[in-house]
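As stored in entry_16.txt (compact mmCIF, N, CA and C atoms and all ligand atoms):
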```txt
# COMPACT_ATOMS: atom_id res chain seq x y z
N MET R 1 41.95 7.20 40.00
CA MET R 1 42.92 8.29 39.91
C MET R 1 42.99 8.99 41.27
N PRO R 2 44.17 9.05 41.90
CA PRO R 2 44.21 9.67 43.22
C PRO R 2 43.82 11.14 43.13
N GLY R 3 43.11 11.58 44.14
CA GLY R 3 42.75 12.99 44.18
C GLY R 3 41.48 13.32 43.43
N LEU R 4 41.00 12.38 42.62
CA LEU R 4 39.82 12.67 41.82
C LEU R 4 38.60 12.91 42.72
N ASN R 5 38.47 12.05 43.74
CA ASN R 5 37.34 12.22 44.64
C ASN R 5 37.40 13.55 45.37
N ASP R 6 38.61 13.96 45.71
CA ASP R 6 38.76 15.26 46.37
C ASP R 6 38.29 16.38 45.45
N LEU R 7 38.66 16.24 44.18
CA LEU R 7 38.27 17.26 43.21
C LEU R 7 36.74 17.30 43.08
N TYR R 8 36.14 16.11 42.98
CA TYR R 8 34.69 16.03 42.88
C TYR R 8 34.03 16.67 44.08
N GLN R 9 34.59 16.36 45.26
CA GLN R 9 34.00 16.90 46.48
C GLN R 9 34.10 18.42 46.51
N GLU R 10 35.22 18.90 46.01
CA GLU R 10 35.41 20.36 45.98
C GLU R 10 34.37 21.01 45.07
N ILE R 11 34.11 20.39 43.93
CA ILE R 11 33.12 20.94 43.00
C ILE R 11 31.73 20.94 43.64
N LEU R 12 31.40 19.84 44.31
CA LEU R 12 30.09 19.75 44.96
C LEU R 12 29.95 20.80 46.06
N LEU R 13 30.98 20.95 46.85
CA LEU R 13 30.93 21.93 47.94
C LEU R 13 30.78 23.34 47.38
N ASP R 14 31.45 23.58 46.27
CA ASP R 14 31.36 24.90 45.65
C ASP R 14 29.94 25.17 45.16
N HIS R 15 29.31 24.17 44.54
CA HIS R 15 27.93 24.34 44.07
C HIS R 15 26.97 24.51 45.25
N ASN R 16 27.26 23.84 46.35
CA ASN R 16 26.39 23.96 47.52
C ASN R 16 26.51 25.35 48.14
N SER R 17 27.73 25.83 48.26
CA SER R 17 27.89 27.13 48.93
C SER R 17 27.56 28.30 48.01
N LYS R 18 27.76 28.10 46.70
CA LYS R 18 27.43 29.17 45.75
C LYS R 18 26.55 28.60 44.64
N PRO R 19 25.31 28.25 44.96
CA PRO R 19 24.48 27.61 43.93
C PRO R 19 24.26 28.53 42.73
N ARG R 20 24.43 27.97 41.56
CA ARG R 20 24.27 28.76 40.33
C ARG R 20 22.78 28.88 40.01
N ASN R 21 22.42 30.02 39.45
CA ASN R 21 21.03 30.25 39.00
C ASN R 21 20.02 30.05 40.13
N TYR R 22 20.40 30.48 41.32
CA TYR R 22 19.51 30.35 42.47
C TYR R 22 18.69 31.63 42.59
N ARG R 23 17.49 31.60 42.04
CA ARG R 23 16.60 32.77 42.10
C ARG R 23 15.25 32.37 41.54
N LYS R 24 14.29 33.23 41.73
CA LYS R 24 13.02 33.02 41.06
C LYS R 24 13.15 33.60 39.66
N LEU R 25 12.71 32.85 38.68
CA LEU R 25 12.80 33.32 37.30
C LEU R 25 11.46 33.94 36.93
N GLU R 26 11.40 35.26 36.99
CA GLU R 26 10.12 35.95 36.80
C GLU R 26 9.52 35.67 35.43
N GLU R 27 10.37 35.54 34.41
CA GLU R 27 9.86 35.36 33.05
C GLU R 27 9.67 33.88 32.68
N ALA R 28 9.68 33.02 33.68
CA ALA R 28 9.51 31.58 33.40
C ALA R 28 8.16 31.30 32.75
N ASN R 29 8.14 30.39 31.79
CA ASN R 29 6.86 29.96 31.24
C ASN R 29 6.56 28.50 31.57
N ARG R 30 7.46 27.88 32.31
CA ARG R 30 7.18 26.54 32.85
C ARG R 30 7.83 26.47 34.23
N SER R 31 7.19 25.74 35.13
CA SER R 31 7.78 25.58 36.46
C SER R 31 7.17 24.35 37.11
N ALA R 32 7.84 23.86 38.14
CA ALA R 32 7.31 22.73 38.89
C ALA R 32 7.90 22.77 40.29
N ASP R 33 7.17 22.16 41.21
CA ASP R 33 7.63 22.04 42.60
C ASP R 33 7.96 20.58 42.88
N GLY R 34 9.12 20.36 43.46
CA GLY R 34 9.51 18.99 43.82
C GLY R 34 9.64 18.88 45.33
N TYR R 35 9.39 17.69 45.84
CA TYR R 35 9.33 17.51 47.29
C TYR R 35 9.87 16.13 47.64
N ASN R 36 10.74 16.08 48.63
CA ASN R 36 11.22 14.80 49.13
C ASN R 36 10.57 14.53 50.48
N PRO R 37 9.54 13.67 50.51
CA PRO R 37 8.80 13.45 51.76
C PRO R 37 9.64 12.84 52.86
N LEU R 38 10.76 12.21 52.51
CA LEU R 38 11.60 11.59 53.54
C LEU R 38 12.22 12.62 54.47
N CYS R 39 12.49 13.80 53.95
CA CYS R 39 13.18 14.81 54.75
C CYS R 39 12.44 16.13 54.78
N GLY R 40 11.47 16.29 53.88
CA GLY R 40 10.72 17.55 53.83
C GLY R 40 11.35 18.60 52.94
N ASP R 41 12.47 18.27 52.30
CA ASP R 41 13.12 19.25 51.44
C ASP R 41 12.29 19.48 50.18
N GLN R 42 12.39 20.69 49.67
CA GLN R 42 11.59 21.01 48.49
C GLN R 42 12.36 21.94 47.56
N ILE R 43 11.92 21.95 46.32
CA ILE R 43 12.58 22.77 45.32
C ILE R 43 11.53 23.33 44.36
N GLN R 44 11.75 24.55 43.95
CA GLN R 44 10.95 25.11 42.85
C GLN R 44 11.90 25.30 41.68
N LEU R 45 11.49 24.78 40.54
CA LEU R 45 12.33 24.90 39.35
C LEU R 45 11.58 25.72 38.30
N TYR R 46 12.29 26.67 37.72
CA TYR R 46 11.68 27.58 36.74
C TYR R 46 12.41 27.44 35.41
N LEU R 47 11.63 27.43 34.34
CA LEU R 47 12.22 27.35 33.01
C LEU R 47 11.63 28.41 32.10
N LYS R 48 12.45 28.93 31.23
CA LYS R 48 11.92 29.71 30.12
C LYS R 48 12.26 28.93 28.85
N VAL R 49 11.23 28.43 28.20
CA VAL R 49 11.43 27.59 27.01
C VAL R 49 10.84 28.32 25.81
N GLU R 50 11.65 28.43 24.77
CA GLU R 50 11.17 29.03 23.52
C GLU R 50 11.64 28.18 22.37
N ASP R 51 10.72 27.88 21.45
CA ASP R 51 11.05 27.07 20.27
C ASP R 51 11.83 25.82 20.66
N ASP R 52 11.35 25.14 21.69
CA ASP R 52 11.96 23.89 22.14
C ASP R 52 13.38 24.05 22.67
N LYS R 53 13.74 25.26 23.04
CA LYS R 53 15.07 25.47 23.62
C LYS R 53 14.92 26.07 25.02
N ILE R 54 15.74 25.60 25.95
CA ILE R 54 15.70 26.12 27.31
C ILE R 54 16.57 27.38 27.35
N ILE R 55 15.89 28.51 27.28
CA ILE R 55 16.59 29.80 27.23
C ILE R 55 17.18 30.13 28.60
N ASP R 56 16.42 29.85 29.64
CA ASP R 56 16.89 30.16 30.98
C ASP R 56 16.30 29.16 31.98
N VAL R 57 16.98 28.98 33.08
CA VAL R 57 16.54 28.04 34.11
C VAL R 57 17.06 28.53 35.45
N ALA R 58 16.24 28.37 36.48
CA ALA R 58 16.64 28.80 37.81
C ALA R 58 15.91 27.94 38.84
N PHE R 59 16.39 28.00 40.08
CA PHE R 59 15.71 27.22 41.12
C PHE R 59 15.80 27.94 42.46
N GLN R 60 14.90 27.54 43.34
CA GLN R 60 14.92 27.99 44.73
C GLN R 60 14.48 26.82 45.58
N GLY R 61 14.70 26.91 46.87
CA GLY R 61 14.19 25.86 47.74
C GLY R 61 15.09 25.62 48.92
N THR R 62 14.71 24.61 49.69
CA THR R 62 15.51 24.23 50.84
C THR R 62 15.92 22.77 50.66
N GLY R 63 17.16 22.50 50.90
CA GLY R 63 17.59 21.12 50.71
C GLY R 63 18.98 20.88 51.24
N CYS R 64 19.34 19.62 51.28
CA CYS R 64 20.67 19.25 51.76
C CYS R 64 21.72 19.62 50.71
N ALA R 65 22.97 19.44 51.08
CA ALA R 65 24.07 19.82 50.19
C ALA R 65 23.98 19.11 48.85
N ILE R 66 23.61 17.83 48.88
CA ILE R 66 23.58 17.08 47.62
C ILE R 66 22.44 17.56 46.72
N SER R 67 21.27 17.79 47.29
CA SER R 67 20.15 18.23 46.45
C SER R 67 20.41 19.62 45.90
N ARG R 68 21.04 20.44 46.70
CA ARG R 68 21.33 21.81 46.27
C ARG R 68 22.41 21.81 45.17
N ALA R 69 23.46 21.05 45.40
CA ALA R 69 24.53 20.99 44.40
C ALA R 69 24.00 20.37 43.10
N SER R 70 23.17 19.36 43.24
CA SER R 70 22.62 18.71 42.05
C SER R 70 21.73 19.67 41.26
N ALA R 71 20.92 20.43 41.97
CA ALA R 71 20.05 21.40 41.29
C ALA R 71 20.88 22.48 40.61
N SER R 72 21.92 22.93 41.30
CA SER R 72 22.79 23.96 40.72
C SER R 72 23.46 23.44 39.44
N MET R 73 23.95 22.21 39.51
CA MET R 73 24.62 21.63 38.33
C MET R 73 23.61 21.38 37.21
N LEU R 74 22.40 21.01 37.60
CA LEU R 74 21.34 20.82 36.59
C LEU R 74 21.16 22.10 35.78
N THR R 75 21.07 23.23 36.49
CA THR R 75 20.80 24.48 35.76
C THR R 75 21.92 24.77 34.77
N GLN R 76 23.15 24.46 35.18
CA GLN R 76 24.26 24.71 34.26
C GLN R 76 24.24 23.77 33.07
N SER R 77 23.83 22.53 33.31
CA SER R 77 23.91 21.58 32.20
C SER R 77 22.77 21.71 31.20
N VAL R 78 21.60 22.19 31.61
CA VAL R 78 20.51 22.24 30.63
C VAL R 78 20.29 23.64 30.04
N LYS R 79 20.88 24.64 30.64
CA LYS R 79 20.68 25.99 30.12
C LYS R 79 21.23 26.10 28.69
N GLY R 80 20.41 26.58 27.79
CA GLY R 80 20.83 26.73 26.39
C GLY R 80 20.66 25.48 25.56
N GLN R 81 20.20 24.40 26.20
CA GLN R 81 20.05 23.13 25.47
C GLN R 81 18.63 23.00 24.92
N SER R 82 18.47 22.14 23.93
CA SER R 82 17.13 21.83 23.45
C SER R 82 16.43 20.97 24.49
N VAL R 83 15.11 20.94 24.41
CA VAL R 83 14.34 20.10 25.33
C VAL R 83 14.75 18.64 25.15
N GLU R 84 15.00 18.25 23.92
CA GLU R 84 15.39 16.86 23.64
C GLU R 84 16.74 16.54 24.29
N ARG R 85 17.66 17.47 24.19
CA ARG R 85 18.99 17.25 24.78
C ARG R 85 18.89 17.20 26.31
N ALA R 86 18.03 18.04 26.87
CA ALA R 86 17.84 18.03 28.33
C ALA R 86 17.32 16.66 28.77
N GLN R 87 16.46 16.08 27.96
CA GLN R 87 15.95 14.75 28.27
C GLN R 87 17.08 13.72 28.24
N GLU R 88 17.98 13.86 27.27
CA GLU R 88 19.13 12.94 27.18
C GLU R 88 20.03 13.09 28.41
N ILE R 89 20.22 14.33 28.85
CA ILE R 89 21.05 14.56 30.04
C ILE R 89 20.37 13.94 31.26
N PHE R 90 19.05 14.13 31.36
CA PHE R 90 18.30 13.49 32.45
C PHE R 90 18.53 11.98 32.42
N ASP R 91 18.38 11.38 31.25
CA ASP R 91 18.51 9.92 31.14
C ASP R 91 19.91 9.46 31.57
N ALA R 92 20.94 10.18 31.11
CA ALA R 92 22.32 9.80 31.45
C ALA R 92 22.54 9.91 32.96
N PHE R 93 22.01 10.98 33.54
CA PHE R 93 22.18 11.20 34.99
C PHE R 93 21.44 10.14 35.79
N HIS R 94 20.22 9.86 35.38
CA HIS R 94 19.39 8.88 36.08
C HIS R 94 20.03 7.50 36.00
N THR R 95 20.54 7.16 34.84
CA THR R 95 21.21 5.87 34.65
C THR R 95 22.42 5.77 35.56
N MET R 96 23.20 6.84 35.63
CA MET R 96 24.41 6.83 36.47
C MET R 96 24.07 6.52 37.93
N LEU R 97 22.94 7.03 38.39
CA LEU R 97 22.61 6.87 39.81
C LEU R 97 21.84 5.59 40.11
N THR R 98 21.14 5.06 39.12
CA THR R 98 20.23 3.95 39.44
C THR R 98 20.60 2.62 38.77
N GLU R 99 21.55 2.66 37.83
CA GLU R 99 21.91 1.40 37.16
C GLU R 99 23.43 1.21 37.27
N PRO R 100 23.87 0.63 38.40
CA PRO R 100 25.31 0.56 38.68
C PRO R 100 26.13 -0.15 37.61
N ASP R 101 25.51 -1.07 36.88
CA ASP R 101 26.29 -1.82 35.88
C ASP R 101 26.22 -1.22 34.48
N ALA R 102 25.47 -0.16 34.33
CA ALA R 102 25.27 0.40 32.99
C ALA R 102 26.53 1.13 32.51
N GLU R 103 26.68 1.16 31.20
CA GLU R 103 27.79 1.93 30.62
C GLU R 103 27.37 3.41 30.66
N LEU R 104 28.26 4.26 31.11
CA LEU R 104 27.88 5.67 31.28
C LEU R 104 28.25 6.50 30.06
N ASP R 105 27.43 7.50 29.82
CA ASP R 105 27.65 8.42 28.71
C ASP R 105 28.40 9.64 29.26
N TYR R 106 29.72 9.52 29.35
CA TYR R 106 30.51 10.57 30.00
C TYR R 106 30.46 11.90 29.25
N ASP R 107 30.33 11.83 27.92
CA ASP R 107 30.25 13.08 27.16
C ASP R 107 29.03 13.88 27.57
N THR R 108 27.93 13.17 27.76
CA THR R 108 26.69 13.85 28.14
C THR R 108 26.73 14.27 29.60
N LEU R 109 27.31 13.44 30.45
CA LEU R 109 27.32 13.74 31.89
C LEU R 109 28.21 14.93 32.23
N ASP R 110 29.38 14.96 31.61
CA ASP R 110 30.33 16.04 31.87
C ASP R 110 30.54 16.21 33.40
N ASP R 111 30.38 17.41 33.95
CA ASP R 111 30.62 17.63 35.38
C ASP R 111 29.67 16.85 36.29
N LEU R 112 28.55 16.43 35.76
CA LEU R 112 27.57 15.71 36.60
C LEU R 112 28.15 14.41 37.13
N GLU R 113 29.22 13.96 36.52
CA GLU R 113 29.89 12.74 36.98
C GLU R 113 30.33 12.88 38.44
N CYS R 114 30.50 14.12 38.89
CA CYS R 114 30.88 14.36 40.29
C CYS R 114 29.91 13.70 41.26
N LEU R 115 28.68 13.51 40.81
CA LEU R 115 27.66 12.97 41.71
C LEU R 115 27.55 11.45 41.61
N ALA R 116 28.44 10.82 40.85
CA ALA R 116 28.34 9.37 40.65
C ALA R 116 28.41 8.60 41.96
N GLY R 117 29.23 9.08 42.89
CA GLY R 117 29.42 8.37 44.16
C GLY R 117 28.13 8.25 44.98
N VAL R 118 27.17 9.12 44.69
CA VAL R 118 25.90 9.09 45.42
C VAL R 118 25.18 7.76 45.22
N SER R 119 25.45 7.10 44.09
CA SER R 119 24.73 5.85 43.78
C SER R 119 24.99 4.78 44.85
N GLU R 120 26.06 4.95 45.61
CA GLU R 120 26.37 3.96 46.65
C GLU R 120 25.56 4.18 47.93
N PHE R 121 24.80 5.25 47.97
CA PHE R 121 24.01 5.59 49.17
C PHE R 121 22.55 5.75 48.78
N PRO R 122 21.80 4.64 48.81
CA PRO R 122 20.42 4.66 48.28
C PRO R 122 19.55 5.81 48.80
N THR R 123 19.69 6.16 50.07
CA THR R 123 18.80 7.23 50.55
C THR R 123 19.20 8.59 49.98
N ARG R 124 20.45 8.72 49.59
CA ARG R 124 20.88 10.02 49.04
C ARG R 124 20.59 10.14 47.56
N ILE R 125 20.27 9.02 46.91
CA ILE R 125 19.92 9.10 45.49
C ILE R 125 18.72 10.02 45.31
N LYS R 126 17.78 9.93 46.24
CA LYS R 126 16.58 10.78 46.15
C LYS R 126 16.96 12.26 46.25
N CYS R 127 17.97 12.55 47.04
CA CYS R 127 18.44 13.95 47.15
C CYS R 127 18.95 14.42 45.79
N ALA R 128 19.74 13.56 45.14
CA ALA R 128 20.37 13.96 43.89
C ALA R 128 19.38 14.05 42.73
N VAL R 129 18.32 13.23 42.77
CA VAL R 129 17.39 13.23 41.63
C VAL R 129 16.21 14.18 41.82
N LEU R 130 16.07 14.75 43.01
CA LEU R 130 14.91 15.61 43.26
C LEU R 130 14.76 16.70 42.19
N ALA R 131 15.81 17.45 41.96
CA ALA R 131 15.73 18.54 40.99
C ALA R 131 15.46 18.01 39.58
N TRP R 132 15.99 16.83 39.30
CA TRP R 132 15.87 16.28 37.95
C TRP R 132 14.46 15.81 37.64
N HIS R 133 13.80 15.21 38.63
CA HIS R 133 12.39 14.83 38.41
C HIS R 133 11.53 16.09 38.31
N THR R 134 11.93 17.11 39.04
CA THR R 134 11.20 18.38 38.96
C THR R 134 11.37 19.00 37.58
N LEU R 135 12.57 18.88 37.03
CA LEU R 135 12.81 19.35 35.66
C LEU R 135 11.89 18.64 34.68
N ARG R 136 11.84 17.33 34.79
CA ARG R 136 10.98 16.55 33.88
C ARG R 136 9.54 17.01 33.96
N ALA R 137 9.06 17.22 35.19
CA ALA R 137 7.68 17.65 35.38
C ALA R 137 7.45 19.02 34.75
N ALA R 138 8.42 19.92 34.91
CA ALA R 138 8.27 21.26 34.34
C ALA R 138 8.25 21.17 32.82
N LEU R 139 9.10 20.34 32.25
CA LEU R 139 9.13 20.20 30.79
C LEU R 139 7.85 19.56 30.28
N ASP R 140 7.30 18.64 31.07
CA ASP R 140 6.07 17.96 30.66
C ASP R 140 4.83 18.80 30.94
N GLY R 141 5.03 19.94 31.60
CA GLY R 141 3.89 20.81 31.91
C GLY R 141 2.97 20.24 32.97
N LYS R 142 3.51 19.40 33.86
CA LYS R 142 2.69 18.82 34.92
C LYS R 142 2.37 19.89 35.97
N THR R 143 1.20 19.82 36.56
CA THR R 143 0.83 20.84 37.52
C THR R 143 0.91 20.35 38.96
N GLU R 144 0.79 19.03 39.17
CA GLU R 144 0.86 18.55 40.55
C GLU R 144 2.31 18.49 41.02
N ASP R 145 2.50 18.57 42.35
CA ASP R 145 3.86 18.52 42.90
C ASP R 145 4.50 17.17 42.60
N VAL R 146 5.82 17.20 42.42
CA VAL R 146 6.56 15.97 42.16
C VAL R 146 7.15 15.51 43.47
N THR R 147 7.11 14.20 43.73
CA THR R 147 7.79 13.71 44.92
C THR R 147 8.79 12.64 44.51
N THR R 148 9.75 12.40 45.38
CA THR R 148 10.76 11.39 45.09
C THR R 148 10.28 10.00 45.45
N GLU R 149 9.08 9.89 46.01
CA GLU R 149 8.54 8.56 46.37
C GLU R 149 7.78 7.94 45.22
FE1 LIG R 201 16.45 16.11 51.87
FE2 LIG R 201 18.63 15.42 50.75
S1 LIG R 201 18.15 15.17 52.85
S2 LIG R 201 16.88 16.17 49.77
```

Would you put the structure from the file into structure tokens?
Amino acid sequence: MPGLNDLYQEILLDHNSKPRNYRKLEEANRSADGYNPLCGDQIQLYLKVEDDKIIDVAFQGTGCAISRASASMLTQSVKGQSVERAQEIFDAFHTMLTEPDAELDYDTLDDLECLAGVSEFPTRIKCAVLAWHTLRAALDGKTEDVTTE
């Protein structure tokens, strides 16, 4: 569809310049630190989880436009969702980036589809998944830092 890529790029640029939920979440009861050793970028992800529901989510850190936009979009897509649903969103996102021939779950991906083009650039896949692996670690209650390697 002509113009679709432009639209996607606009959404990504908007998330990069105005990242959503970019703050420290003081009332977080789960958190994790993610690190991309290839570039040194890092992210802190904070969650407030109650009764298996993600009540609130926020992030901070330093990263490239893709990692920042991806983290911002992550916070929007999992906020208010059950932990199980967040896992499904993770799976759909991860599949989109790492399994080029797989059938995609567009209903679950929603706006995250904007990042589909990243799958064509292997080194940038790590940028896009950094926040997502950090989310998984926070949900799993892992204490060691997460890396993309
Ligand atoms: Fe570091 Fe993208 S270049 S996360």

Within 7 Å of Ala138 in chain R, counting all atoms listed in the file, which residues qualify if same-chain residues fewer than 4 places away don't, as an mmCIF file with N, CA and C atoms, in the frame of the given file?
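Printed below is selection-v3.cif as written:
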```
data_model
loop_
_atom_site.group_PDB
_atom_site.id
_atom_site.type_symbol
_atom_site.label_atom_id
_atom_site.label_comp_id
_atom_site.auth_asym_id
_atom_site.auth_seq_id
_atom_site.Cartn_x
_atom_site.Cartn_y
_atom_site.Cartn_z
ATOM 1 N N ARG R 30 7.460 27.880 32.310
ATOM 2 C CA ARG R 30 7.180 26.540 32.850
ATOM 3 C C ARG R 30 7.830 26.470 34.230
ATOM 4 N N SER R 31 7.190 25.740 35.130
ATOM 5 C CA SER R 31 7.780 25.580 36.460
ATOM 6 C C SER R 31 7.170 24.350 37.110
ATOM 7 N N ALA R 32 7.840 23.860 38.140
ATOM 8 C CA ALA R 32 7.310 22.730 38.890
ATOM 9 C C ALA R 32 7.900 22.770 40.290
ATOM 10 N N ASP R 33 7.170 22.160 41.210
ATOM 11 C CA ASP R 33 7.630 22.040 42.600
ATOM 12 C C ASP R 33 7.960 20.580 42.880
ATOM 13 N N LEU R 45 11.490 24.780 40.540
ATOM 14 C CA LEU R 45 12.330 24.900 39.350
ATOM 15 C C LEU R 45 11.580 25.720 38.300
ATOM 16 N N HIS R 133 13.800 15.210 38.630
ATOM 17 C CA HIS R 133 12.390 14.830 38.410
ATOM 18 C C HIS R 133 11.530 16.090 38.310
ATOM 19 N N THR R 134 11.930 17.110 39.040
ATOM 20 C CA THR R 134 11.200 18.380 38.960
ATOM 21 C C THR R 134 11.370 19.000 37.580
ATOM 22 N N LYS R 142 3.510 19.400 33.860
ATOM 23 C CA LYS R 142 2.690 18.820 34.920
ATOM 24 C C LYS R 142 2.370 19.890 35.970
#
```

Selection: 7 Å around range 107-120 of chain R, only C-alpha atoms, excl. self and same-chain fewer than 3 positions, as a compact mmCIF listing (two decimals) with N, CA and C atoms, keeping the file's coordinate frame:
```txt
# COMPACT_ATOMS: atom_id res chain seq x y z
N TYR R 8 36.14 16.11 42.98
CA TYR R 8 34.69 16.03 42.88
C TYR R 8 34.03 16.67 44.08
N MET R 73 23.95 22.21 39.51
CA MET R 73 24.62 21.63 38.33
C MET R 73 23.61 21.38 37.21
N ILE R 89 20.22 14.33 28.85
CA ILE R 89 21.05 14.56 30.04
C ILE R 89 20.37 13.94 31.26
N ALA R 92 20.94 10.18 31.11
CA ALA R 92 22.32 9.80 31.45
C ALA R 92 22.54 9.91 32.96
N PHE R 93 22.01 10.98 33.54
CA PHE R 93 22.18 11.20 34.99
C PHE R 93 21.44 10.14 35.79
N MET R 96 23.20 6.84 35.63
CA MET R 96 24.41 6.83 36.47
C MET R 96 24.07 6.52 37.93
N LEU R 97 22.94 7.03 38.39
CA LEU R 97 22.61 6.87 39.81
C LEU R 97 21.84 5.59 40.11
N THR R 98 21.14 5.06 39.12
CA THR R 98 20.23 3.95 39.44
C THR R 98 20.60 2.62 38.77
N ARG R 124 20.45 8.72 49.59
CA ARG R 124 20.88 10.02 49.04
C ARG R 124 20.59 10.14 47.56
N ILE R 125 20.27 9.02 46.91
CA ILE R 125 19.92 9.10 45.49
C ILE R 125 18.72 10.02 45.31
```

- Query: If you measure from atom C of Arg20 in chain R to CA of His94 in chain R, what distance in Å do you get, rounded to one decimal?
  - Reply: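 Between these atoms lies a distance of 20.7 Å.
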
- Message: For ligand LIG 201 (chain R), return the neighbouring residues as a count of residues only (distance at most 6 Å; only C-alpha atoms and all ligand atoms).
- Response: 7

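Distances to Val49 in chain R were evaluated for R:Ala137, R:Pro37, R:Asn29, R:Leu130 using all atoms listed in the file, and the minimum falls at R:Asn29.
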
- Query: What does the distance from CA of Leu38 in chain R to atom C of Lys24 in chain R come to in Å, to one decimal?
  - Reply: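 Going from CA of Leu38 in chain R over to atom C of Lys24 in chain R, I get 26.1 Å.
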
- Message: DSSP on the backbone, helix (DSSP H, G or I) only: what residues of range 92-141 of chain R does that give? Format it as a ChimeraX atom specification.
- Response: /R:92-98,106-120,122-140

- Message: Please determine, counting only N, CA and C atoms, which residue among R:Asp14, R:Asn21, R:Glu27, R:Gln60 has the shortest atom-to-atom distance to Gln76 in chain R.
- Response: R:Asn21

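Our summary of the geometry notes that CA of Ala69 in chain R is positioned 19.8 Å from CA of Glu88 in chain R.
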